[in-house]
>>> print(open('upload.txt').read())   # compact mmCIF, C-alpha atoms (C1' of nucleotides)
# COMPACT_ATOMS: atom_id res chain seq x y z
CA MET P 12 -10.48 3.59 13.10
CA SER P 13 -10.90 1.86 9.76
CA LEU P 14 -7.99 -0.53 9.45
CA PRO P 15 -9.09 -2.99 12.15
CA HIS P 16 -12.53 -3.18 10.55
CA ALA P 17 -11.04 -3.70 7.11
CA ILE P 18 -9.08 -6.61 8.57
CA LEU P 19 -12.12 -8.09 10.31
CA THR P 20 -14.05 -7.91 7.04
CA ALA P 21 -11.26 -9.64 5.15
CA LEU P 22 -10.92 -12.35 7.82
CA LEU P 23 -14.67 -13.00 7.80
CA GLU P 24 -14.55 -13.43 4.05
CA LYS P 25 -11.74 -15.94 4.59
CA PRO P 26 -9.45 -16.74 7.56
CA SER P 27 -5.88 -15.91 6.62
CA SER P 28 -2.37 -15.30 7.84
CA GLY P 29 -0.71 -11.89 7.93
CA LEU P 30 0.99 -12.19 4.59
CA GLU P 31 -2.10 -13.58 2.90
CA LEU P 32 -4.03 -10.58 4.21
CA THR P 33 -1.37 -8.27 2.86
CA ARG P 34 -1.70 -9.79 -0.57
CA ARG P 35 -5.47 -9.61 -0.48
CA PHE P 36 -5.18 -5.96 0.50
CA ASP P 37 -3.09 -5.45 -2.60
CA ARG P 38 -5.97 -6.77 -4.67
CA SER P 39 -9.57 -6.40 -3.61
CA ILE P 40 -10.06 -4.66 -0.27
CA GLY P 41 -6.91 -2.61 -0.62
CA TYR P 42 -8.46 -0.81 -3.58
CA PHE P 43 -10.47 1.07 -0.98
CA TRP P 44 -8.24 0.79 2.07
CA SER P 45 -4.61 -0.01 1.49
CA ALA P 46 -2.20 -1.22 4.16
CA THR P 47 1.37 -2.47 4.40
CA HIS P 48 2.29 -5.74 6.05
CA GLN P 49 3.76 -3.88 9.03
CA GLN P 50 0.47 -2.16 9.71
CA ILE P 51 -1.39 -5.43 9.35
CA TYR P 52 0.83 -7.38 11.77
CA ARG P 53 0.58 -4.62 14.34
CA GLU P 54 -3.17 -4.52 14.02
CA LEU P 55 -3.53 -8.30 14.14
CA GLY P 56 -1.66 -8.22 17.43
CA LYS P 57 -4.02 -5.65 18.87
CA LEU P 58 -7.13 -7.46 17.64
CA GLU P 59 -5.90 -10.72 19.13
CA GLN P 60 -5.18 -9.08 22.45
CA ALA P 61 -8.63 -7.50 22.40
CA GLY P 62 -10.19 -10.92 21.98
CA GLN P 63 -11.75 -10.11 18.60
CA ILE P 64 -9.74 -12.66 16.63
CA ARG P 65 -7.65 -15.71 17.50
CA ALA P 66 -4.84 -17.64 15.89
CA LEU P 67 -5.94 -21.04 14.66
CA PRO P 68 -4.18 -23.74 16.71
CA SER P 69 -1.07 -24.97 14.91
CA GLU P 70 1.92 -27.13 15.65
CA GLN P 71 4.72 -24.68 16.31
CA PRO P 72 3.89 -21.01 16.53
CA ALA P 73 7.45 -19.85 15.92
CA ARG P 74 8.85 -16.84 14.14
CA GLY P 75 9.06 -17.95 10.52
CA GLN P 76 5.90 -20.02 10.91
CA LYS P 77 2.59 -19.27 9.24
CA LYS P 78 -0.11 -18.13 11.67
CA GLU P 79 -3.75 -18.15 10.56
CA TYR P 80 -6.37 -16.01 12.22
CA GLU P 81 -10.13 -16.31 12.43
CA VAL P 82 -12.74 -13.87 13.73
CA LEU P 83 -14.32 -14.49 17.14
CA PRO P 84 -17.93 -13.57 17.98
CA ALA P 85 -16.74 -10.41 19.74
CA GLY P 86 -15.01 -9.35 16.53
CA ARG P 87 -18.10 -9.88 14.43
CA GLU P 88 -20.12 -7.82 16.89
CA ALA P 89 -17.57 -5.02 16.85
CA LEU P 90 -17.69 -4.95 13.06
CA SER P 91 -21.50 -4.88 13.02
CA ALA P 92 -21.47 -1.98 15.46
CA TRP P 93 -19.00 -0.11 13.27
CA VAL P 94 -21.08 -0.67 10.14
CA ALA P 95 -24.14 0.73 11.88
CA ARG P 96 -22.23 3.81 13.00
CA SER P 97 -22.54 7.03 11.09
CA GLU P 98 -19.54 9.07 10.09
CA ASP P 99 -19.22 12.25 8.05
CA PRO P 100 -17.40 12.12 4.73
CA LYS P 101 -13.79 13.23 5.05
CA GLN P 102 -12.54 16.41 3.47
CA ILE P 103 -10.82 15.92 0.13
CA ARG P 104 -7.06 15.57 0.50
CA ASP P 105 -5.37 15.43 -2.84
CA PRO P 106 -1.75 16.37 -3.52
CA LEU P 107 -2.39 16.94 -7.23
CA LEU P 108 -5.09 19.54 -6.61
CA LEU P 109 -2.87 21.15 -4.01
CA ARG P 110 0.09 21.12 -6.40
CA MET P 111 -2.04 22.84 -9.00
CA ARG P 112 -3.04 25.48 -6.53
CA ALA P 113 0.62 26.05 -5.70
CA ALA P 114 1.39 26.22 -9.41
CA ALA P 115 -1.04 29.12 -9.69
CA VAL P 116 1.35 31.02 -7.38
CA VAL P 117 4.88 29.96 -8.32
CA GLY P 118 4.35 28.93 -11.93
CA ALA P 119 3.89 25.52 -13.48
CA PRO P 120 6.51 24.38 -15.94
CA GLY P 121 5.98 20.73 -16.76
CA LEU P 122 2.63 20.42 -15.05
CA ASP P 123 1.09 19.28 -18.34
CA ALA P 124 3.32 16.23 -18.47
CA GLU P 125 2.34 15.29 -14.93
CA LEU P 126 -1.35 15.61 -15.80
CA ARG P 127 -0.88 13.39 -18.83
CA ARG P 128 0.95 10.85 -16.71
CA HIS P 129 -1.87 10.76 -14.17
CA LEU P 130 -4.40 10.43 -16.97
CA GLY P 131 -2.61 7.34 -18.16
CA LEU P 132 -2.48 5.82 -14.67
CA HIS P 133 -6.18 6.42 -14.09
CA ARG P 134 -7.05 4.92 -17.45
CA ARG P 135 -5.10 1.82 -16.52
CA GLN P 136 -6.78 1.56 -13.13
CA LEU P 137 -10.19 1.94 -14.78
CA ALA P 138 -9.39 -0.85 -17.22
CA GLU P 139 -8.41 -3.07 -14.27
CA TYR P 140 -11.68 -2.38 -12.47
CA LEU P 141 -13.71 -3.07 -15.61
CA GLU P 142 -11.86 -6.35 -16.01
CA ILE P 143 -12.78 -7.32 -12.45
CA GLU P 144 -16.38 -6.30 -13.04
CA LYS P 145 -16.60 -8.47 -16.15
CA ARG P 146 -15.10 -11.41 -14.28
CA ASP P 147 -16.87 -11.16 -10.91
CA PHE P 148 -20.21 -9.59 -11.77
CA PRO P 149 -21.42 -10.89 -15.14
CA PRO P 150 -24.97 -9.71 -16.02
CA GLU P 151 -26.31 -13.29 -15.88
CA ARG P 152 -26.39 -14.13 -12.22
CA ASN P 153 -27.66 -11.22 -10.19
CA LEU P 154 -27.18 -12.49 -6.66
CA ASP P 155 -28.44 -10.28 -3.90
CA GLU P 156 -25.36 -10.84 -1.75
CA ASP P 157 -23.16 -9.56 -4.55
CA ARG P 158 -25.10 -6.33 -4.88
CA LEU P 159 -23.20 -4.38 -2.23
CA ARG P 160 -19.82 -5.58 -3.40
CA HIS P 161 -20.70 -4.61 -6.94
CA LEU P 162 -21.76 -1.16 -5.74
CA VAL P 163 -18.38 -0.70 -4.06
CA LEU P 164 -16.61 -1.62 -7.27
CA ARG P 165 -18.89 0.76 -9.16
CA GLY P 166 -17.73 3.46 -6.78
CA GLY P 167 -14.15 2.83 -7.82
CA ILE P 168 -15.10 2.84 -11.50
CA ASP P 169 -17.01 6.10 -11.22
CA LEU P 170 -14.16 7.68 -9.32
CA GLU P 171 -11.65 6.79 -12.01
CA ASN P 172 -14.05 8.19 -14.59
CA PHE P 173 -14.19 11.43 -12.64
CA TRP P 174 -10.41 11.77 -12.72
CA ILE P 175 -10.22 10.91 -16.41
CA GLY P 176 -12.87 13.48 -17.23
CA TRP P 177 -11.32 16.19 -15.11
CA LEU P 178 -7.76 15.60 -16.34
CA THR P 179 -8.94 15.52 -19.95
CA ARG P 180 -10.72 18.84 -19.60
CA ALA P 181 -7.74 20.36 -17.79
CA LEU P 182 -5.38 19.31 -20.57
CA ALA P 183 -7.74 20.47 -23.33
CA GLN P 184 -7.96 23.89 -21.70
CA ASP P 185 -4.24 24.07 -21.24
CA GLY P 186 -3.62 23.29 -24.88
CA GLN P 187 -5.48 26.36 -26.06
CA PRO P 188 -4.72 29.30 -23.74
CA SER P 189 -7.37 31.90 -23.04
CA PRO P 190 -8.55 33.46 -26.35
CA MET X 21 4.99 16.01 2.56
CA SER X 22 2.05 18.17 1.55
CA LEU X 23 1.18 20.27 4.57
CA PRO X 24 4.30 22.47 4.55
CA HIS X 25 3.72 23.20 0.87
CA ALA X 26 0.08 24.00 1.47
CA ILE X 27 1.22 26.50 4.09
CA LEU X 28 3.85 28.03 1.83
CA THR X 29 1.24 28.47 -0.89
CA ALA X 30 -1.17 30.14 1.51
CA LEU X 31 1.55 32.43 2.88
CA LEU X 32 2.61 33.46 -0.63
CA GLU X 33 -0.97 34.35 -1.44
CA LYS X 34 -0.97 36.47 1.70
CA PRO X 35 1.31 36.68 4.79
CA SER X 36 -0.65 35.61 7.85
CA SER X 37 -0.50 34.52 11.46
CA GLY X 38 -1.18 30.98 12.63
CA LEU X 39 -4.82 31.52 13.44
CA GLU X 40 -5.45 33.40 10.21
CA LEU X 41 -3.96 30.48 8.31
CA THR X 42 -6.19 28.10 10.22
CA ARG X 43 -9.24 30.07 9.21
CA ARG X 44 -8.15 30.24 5.59
CA PHE X 45 -7.63 26.50 5.66
CA ASP X 46 -11.23 26.18 6.79
CA ARG X 47 -12.30 28.03 3.67
CA SER X 48 -10.33 27.87 0.45
CA ILE X 49 -7.16 25.77 0.62
CA GLY X 50 -8.54 23.49 3.29
CA TYR X 51 -11.14 22.25 0.79
CA PHE X 52 -8.28 20.27 -0.70
CA TRP X 53 -5.93 19.92 2.25
CA SER X 54 -7.40 20.43 5.70
CA ALA X 55 -5.39 21.05 8.84
CA THR X 56 -6.02 21.91 12.48
CA HIS X 57 -4.38 24.85 14.22
CA GLN X 58 -2.09 22.49 16.15
CA GLN X 59 -0.71 21.03 12.96
CA ILE X 60 -0.25 24.48 11.50
CA TYR X 61 1.65 25.86 14.50
CA ARG X 62 3.91 22.84 14.58
CA GLU X 63 4.64 23.16 10.88
CA LEU X 64 5.19 26.93 11.08
CA GLY X 65 7.83 26.24 13.71
CA LYS X 66 9.61 23.74 11.49
CA LEU X 67 9.45 26.00 8.43
CA GLU X 68 10.85 28.92 10.41
CA GLN X 69 13.68 26.79 11.75
CA ALA X 70 14.42 25.58 8.23
CA GLY X 71 14.75 29.17 7.05
CA GLN X 72 11.88 28.96 4.59
CA ILE X 73 9.69 31.52 6.34
CA ARG X 74 10.22 34.21 8.96
CA ALA X 75 8.11 36.06 11.47
CA LEU X 76 7.54 39.69 10.54
CA PRO X 77 9.27 41.92 13.10
CA SER X 78 6.78 43.07 15.71
CA GLU X 79 6.83 44.89 19.02
CA GLN X 80 6.45 42.15 21.59
CA PRO X 81 6.60 38.58 20.42
CA ALA X 82 4.93 37.17 23.53
CA ARG X 83 2.60 34.28 24.03
CA GLY X 84 -0.84 35.77 23.48
CA GLN X 85 0.58 38.06 20.77
CA LYS X 86 -0.17 37.80 17.07
CA LYS X 87 2.78 36.63 14.98
CA GLU X 88 2.73 37.12 11.20
CA TYR X 89 4.84 35.05 8.85
CA GLU X 90 6.13 35.68 5.34
CA VAL X 91 7.85 33.37 2.88
CA LEU X 92 11.61 33.71 2.33
CA PRO X 93 13.30 33.03 -1.04
CA ALA X 94 14.35 29.58 0.15
CA GLY X 95 10.72 28.76 0.84
CA ARG X 96 9.59 29.85 -2.59
CA GLU X 97 12.29 27.71 -4.15
CA ALA X 98 11.30 24.70 -2.08
CA LEU X 99 7.70 25.13 -3.21
CA SER X 100 8.70 25.44 -6.86
CA ALA X 101 10.76 22.27 -6.57
CA TRP X 102 7.81 20.45 -5.02
CA VAL X 103 5.44 21.60 -7.75
CA ALA X 104 7.79 20.32 -10.41
CA ARG X 105 8.07 16.94 -8.71
CA SER X 106 6.03 14.02 -9.92
CA GLU X 107 4.04 11.82 -7.56
CA ASP X 108 1.69 8.94 -8.19
CA PRO X 109 -1.98 9.31 -7.29
CA LYS X 110 -2.76 7.81 -3.90
CA GLN X 111 -4.94 4.75 -3.51
CA ILE X 112 -8.56 5.48 -2.66
CA ARG X 113 -9.19 5.42 1.08
CA ASP X 114 -12.83 5.85 1.86
CA PRO X 115 -14.56 4.65 5.03
CA LEU X 116 -18.00 4.62 3.38
CA LEU X 117 -16.92 2.24 0.62
CA LEU X 118 -15.19 0.10 3.23
CA ARG X 119 -18.28 0.15 5.43
CA MET X 120 -20.36 -1.02 2.50
CA ARG X 121 -17.98 -3.86 1.86
CA ALA X 122 -18.25 -4.87 5.51
CA ALA X 123 -22.03 -4.62 5.26
CA ALA X 124 -21.92 -7.23 2.50
CA VAL X 125 -20.54 -9.62 5.14
CA VAL X 126 -22.31 -8.80 8.41
CA GLY X 127 -25.52 -7.27 7.07
CA ALA X 128 -26.54 -3.67 6.65
CA PRO X 129 -29.50 -2.47 8.70
CA GLY X 130 -29.77 1.30 8.45
CA LEU X 131 -27.17 1.71 5.73
CA ASP X 132 -29.79 3.40 3.55
CA ALA X 133 -30.22 6.20 6.03
CA GLU X 134 -26.47 6.77 6.12
CA LEU X 135 -26.33 6.93 2.33
CA ARG X 136 -29.15 9.47 2.27
CA ARG X 137 -27.36 11.53 4.90
CA HIS X 138 -24.16 11.55 2.87
CA LEU X 139 -26.12 12.47 -0.23
CA GLY X 140 -27.45 15.52 1.59
CA LEU X 141 -23.99 16.54 2.79
CA HIS X 142 -22.49 16.23 -0.67
CA ARG X 143 -25.33 18.24 -2.18
CA ARG X 144 -24.68 20.98 0.33
CA GLN X 145 -20.94 20.96 -0.38
CA LEU X 146 -21.63 21.14 -4.10
CA ALA X 147 -23.92 24.12 -3.60
CA GLU X 148 -21.15 25.85 -1.63
CA TYR X 149 -18.60 25.24 -4.38
CA LEU X 150 -21.00 26.53 -7.04
CA GLU X 151 -21.57 29.64 -4.96
CA ILE X 152 -17.82 30.22 -4.78
CA GLU X 153 -17.51 29.66 -8.52
CA LYS X 154 -20.20 32.21 -9.28
CA ARG X 155 -18.53 34.74 -6.96
CA ASP X 156 -14.85 34.21 -7.83
CA PHE X 157 -14.92 33.11 -11.45
CA PRO X 158 -17.70 34.94 -13.31
CA PRO X 159 -17.71 34.26 -17.08
CA GLU X 160 -16.87 37.89 -17.87
CA ARG X 161 -13.26 38.25 -16.90
CA ASN X 162 -11.24 35.25 -17.96
CA LEU X 163 -7.87 36.00 -16.43
CA ASP X 164 -5.09 33.58 -17.21
CA GLU X 165 -3.81 33.57 -13.65
CA ASP X 166 -7.21 32.45 -12.41
CA ARG X 167 -7.32 29.51 -14.78
CA LEU X 168 -5.49 27.05 -12.53
CA ARG X 169 -7.41 28.05 -9.42
CA HIS X 170 -10.65 27.64 -11.32
CA LEU X 171 -9.54 24.18 -12.46
CA VAL X 172 -8.90 23.18 -8.85
CA LEU X 173 -12.37 24.33 -7.87
CA ARG X 174 -13.78 22.44 -10.83
CA GLY X 175 -12.09 19.35 -9.46
CA GLY X 176 -13.99 19.77 -6.22
CA ILE X 177 -17.25 20.31 -8.07
CA ASP X 178 -16.78 17.25 -10.27
CA LEU X 179 -15.88 15.15 -7.25
CA GLU X 180 -19.06 16.13 -5.43
CA ASN X 181 -21.01 15.32 -8.57
CA PHE X 182 -19.42 11.90 -8.62
CA TRP X 183 -20.56 11.20 -5.06
CA ILE X 184 -24.06 12.51 -5.71
CA GLY X 185 -24.37 10.34 -8.79
CA TRP X 186 -23.05 7.22 -7.12
CA LEU X 187 -25.12 7.62 -3.96
CA THR X 188 -28.25 8.30 -6.01
CA ARG X 189 -27.75 5.15 -8.05
CA ALA X 190 -26.98 3.12 -4.92
CA LEU X 191 -30.19 4.28 -3.25
CA ALA X 192 -32.30 3.72 -6.35
CA GLN X 193 -31.02 0.16 -6.60
CA ASP X 194 -31.59 -0.46 -2.93
CA GLY X 195 -35.18 0.73 -3.19
CA GLN X 196 -36.11 -1.99 -5.66
CA PRO X 197 -34.38 -5.23 -4.69
CA SER X 198 -33.22 -7.67 -7.32
CA PRO X 199 -36.23 -8.75 -9.46
C1' DC F 18 -12.82 42.47 38.10
C1' DG F 19 -14.74 38.37 35.87
C1' DG F 20 -15.73 36.14 31.89
C1' DC F 21 -15.34 35.73 26.93
C1' DG F 22 -12.93 35.57 22.62
C1' DC F 23 -8.52 35.77 20.41
C1' DA F 24 -4.09 33.79 19.83
C1' DT F 25 -0.31 30.74 20.59
C1' DG F 26 1.17 26.93 22.12
C1' DT F 27 2.25 21.63 24.86
C1' DA F 28 1.43 16.83 25.59
C1' DA F 29 -0.07 12.47 24.62
C1' DC F 30 -1.67 9.50 21.53
C1' DA F 31 -3.08 7.07 17.06
C1' DA F 32 -2.18 5.98 12.37
C1' DG F 33 0.77 5.51 8.54
C1' DT F 34 5.62 5.02 6.43
C1' DT F 35 10.34 3.35 5.85
C1' DA F 36 14.09 0.59 6.87
C1' DC F 37 15.75 -3.26 8.66
C1' DA F 38 16.09 -8.02 11.31
C1' DT F 39 15.21 -12.93 11.80
C1' DG F 40 13.71 -17.61 11.12
C1' DA F 41 11.82 -21.34 7.95
C1' DT F 42 11.29 -23.61 3.48
C1' DT F 43 12.20 -24.54 -1.03
C1' DT F 44 15.31 -25.26 -5.02
C1' DG F 45 19.28 -25.09 -8.01
C1' DC L 28 24.98 -25.64 1.08
C1' DA L 29 23.91 -21.13 -0.91
C1' DA L 30 20.51 -18.25 -2.56
C1' DA L 31 15.86 -17.03 -3.12
C1' DT L 32 11.44 -16.76 -1.18
C1' DC L 33 8.05 -16.99 2.36
C1' DA L 34 6.67 -15.28 6.70
C1' DT L 35 6.72 -12.69 10.89
C1' DG L 36 8.21 -9.19 13.26
C1' DT L 37 11.06 -4.48 15.59
C1' DA L 38 12.41 0.26 15.54
C1' DA L 39 12.39 4.87 14.36
C1' DC L 40 10.12 8.39 12.28
C1' DT L 41 6.36 11.40 10.28
C1' DT L 42 1.77 12.89 10.08
C1' DG L 43 -2.69 13.61 11.97
C1' DT L 44 -5.95 13.91 16.15
C1' DT L 45 -7.60 15.15 20.78
C1' DA L 46 -7.37 17.41 24.94
C1' DC L 47 -5.63 20.78 27.56
C1' DA L 48 -2.70 25.12 29.12
C1' DT L 49 -1.45 29.96 29.02
C1' DG L 50 -1.47 34.83 28.12
C1' DC L 51 -3.63 39.10 26.24
C1' DG L 52 -7.35 42.51 25.62
C1' DC L 53 -11.99 43.91 25.58
C1' DC L 54 -16.54 44.65 27.45
C1' DG L 55 -20.27 44.50 30.68
>>> encode(input="upload.txt", output="structure tokens")
Amino acid sequence: MSLPHAILTALLEKPSSGLELTRRFDRSIGYFWSATHQQIYRELGKLEQAGQIRALPSEQPARGQKKEYEVLPAGREALSAWVARSEDPKQIRDPLLLRMRAAAVVGAPGLDAELRRHLGLHRRQLAEYLEIEKRDFPPERNLDEDRLRHLVLRGGIDLENFWIGWLTRALAQDGQPSP
Amino acid sequence: MSLPHAILTALLEKPSSGLELTRRFDRSIGYFWSATHQQIYRELGKLEQAGQIRALPSEQPARGQKKEYEVLPAGREALSAWVARSEDPKQIRDPLLLRMRAAAVVGAPGLDAELRRHLGLHRRQLAEYLEIEKRDFPPERNLDEDRLRHLVLRGGIDLENFWIGWLTRALAQDGQPSP
DNA sequence: CGGCGCATGTAACAAGTTACATGATTTG
DNA sequence: CAAATCATGTAACTTGTTACATGCGCCG
């Protein structure tokens, strides 16, 4: 139930075509809800049919032609209703934790290398987030409308820090087996 | 690709029937990879057909009858191969972060209450994990085979701590609007 | 024997993934 | 014009979710 609302949010921030949305999902919004272009086109079709968005009038709406969408009042209302809704946090679902649990049963040759690899990836992602923070939320201007977006980004930063901390401790412990 | 391996791991730890697996997924393994009984039955069927597990011989394998499964050598090999495989960490996918991003666009009445509710839920989950840690991994016996399982649990604990920290900061900031 | 809990399933759907198809526009 | 790129889309499949169906055994 999240993808359509992610799309509505993105379209409210700026009307876009399918491919533009896809690219924006690869950057900002996609950091918290990723989607492929196939998913996005399918969902745009449904939203249009449901009367929540509409294609901006253009010359020739043909196959290889760009098609821009904007949010209709009904779409904005649907998004508001969704924001107000309450929903329990999902269970954790992480292949690496599961893999480690499996390793406890069948043995774990080479798990160390995988942990180190993940550590590197998370460090890189953290650096990227910090870069965005420096660029988009400098300490000078403290606009109220930015506050929520900054909090979301902070969530991503804290989450990467969690992984880095956990992986570091796991590797440290693995280096020196039980005394 | 994770569910079958979660099931193989659980079955190696202890041969079980479908419902028993479901219940164990509600407790230990499910903390990191949840599944409903329908998913589990479907997957047990596939694994059996693939020759990775087999039903223990019983008197009358009828519909309302319990059916226990054990892992065959092929299954153990498949699990080992999966553990050794490397896989990139998934993108974050969290409805609450997305909801907050949407709230930045359409406004956020009542978001505070939702954050407080989540804070409570995460505190409860943390308490549950700490209880399990105290019970299953007391500081006395420091068995090597437990090390990986303890690390997995630590992952869960750290993750809950991340949420608690982030939600607390978000609420504190929301209490005193920008000066 | 009637209802409840245990246990195993089926069916239909929704969401996400992977591979491929097609038309339009630019550019060497 | 051929190739690359932009842009939209189809099809088939896998995974996850929701609702319901069926049989067994126990207990009041």
>>> residues_around(input="upload.txt", residues="stretch 134-151 of chain P", least_positions_apart="4", cutoff="7 Å", atoms="all atoms listed in the file", output="list in words")
Leu130, His161, Ile168, Glu171 and Ile175 of chain P
>>> residues_around(input="upload.txt", residues="stretch 26-36 of chain F", least_positions_apart="6", cutoff="8 Å", atoms="all atoms listed in the file", output="MDAnalysis selection string")
(chainID P and resid 50) or (chainID X and resid 61 83) or (chainID L and resid 41:44 48:49)
>>> closest_residue(input="upload.txt", among="P:Leu19, P:Ile51, P:Ile40, P:Ala113", to="chain F", atoms="only C-alpha atoms (C1' of nucleotides)")
P:Ile51
>>> residues_around(input="upload.txt", residues="X:Leu168", least_positions_apart="5", cutoff="7 Å", atoms="only C-alpha atoms (C1' of nucleotides)", output="PyMOL selection string")
chain P and resi 111-112+115
>>> write_last_selection(input="upload.txt", atoms="C-alpha atoms", output="mmCIF file, keeping the file's coordinate frame")
data_model
loop_
_atom_site.group_PDB
_atom_site.id
_atom_site.type_symbol
_atom_site.label_atom_id
_atom_site.label_comp_id
_atom_site.auth_asym_id
_atom_site.auth_seq_id
_atom_site.Cartn_x
_atom_site.Cartn_y
_atom_site.Cartn_z
ATOM 1 C CA MET P 111 -2.040 22.840 -9.000
ATOM 2 C CA ARG P 112 -3.040 25.480 -6.530
ATOM 3 C CA ALA P 115 -1.040 29.120 -9.690
#
>>> residues_around(input="upload.txt", residues="X:Arg96", least_positions_apart="4", cutoff="9 Å", atoms="all atoms listed in the file", output="list in words")
Val117 of chain P; Leu28, Thr29, Leu32, Gln72, Val91, Leu92, Ser100 and Ala101 of chain X
>>> closest_residue(input="upload.txt", among="P:Lys77, P:His48, P:Arg65, P:Arg38", to="chain X", atoms="all atoms listed in the file")
P:Arg38
>>> residues_around(input="upload.txt", residues="X:Leu179", least_positions_apart="5", cutoff="12 Å", atoms="only C-alpha atoms (C1' of nucleotides)", output="ChimeraX atom specification")
/P:102-105,108,166,169-177 /X:51-52,142-143,145-146,149,172-174,184-186
>>> atom_distance(input="upload.txt", atom1="atom C1' of L:DA39", atom2="atom CA of X:Met21")
17.8 Å
>>> residues_near_point(input="upload.txt", point="(5.1, -11.3, 12.0)", cutoff="12 Å", atoms="all atoms listed in the file", output="PyMOL selection string")
(chain P and resi 28-31+33+48-56+72-79) or (chain F and resi 38-40) or (chain L and resi 33-37)
>>> atom_distance(input="upload.txt", atom1="atom CA of X:Ala123", atom2="atom CA of P:Asp37")
20.5 Å
>>> axis_aligned_box(input="upload.txt", around="stretch 137-146 of chain X", padding_each_side="8 Å", output="lines of an AutoDock Vina configuration file")
center_x = -24.2
center_y = 16.3
center_z = 0.4
size_x = 22.5
size_y = 25.6
size_z = 25.0
>>> closest_residue(input="upload.txt", among="F:DC18, F:DT25, F:DC37, F:DT43", to="L:DC54", atoms="all atoms listed in the file")
F:DC18
>>> atom_distance(input="upload.txt", atom1="atom CA of P:Lys101", atom2="atom CA of P:Glu125")
25.8 Å
>>> closest_residue(input="upload.txt", among="X:Tyr89, X:Thr188, X:Ala104, X:Gly140", to="chain P", atoms="only C-alpha atoms")
X:Ala104
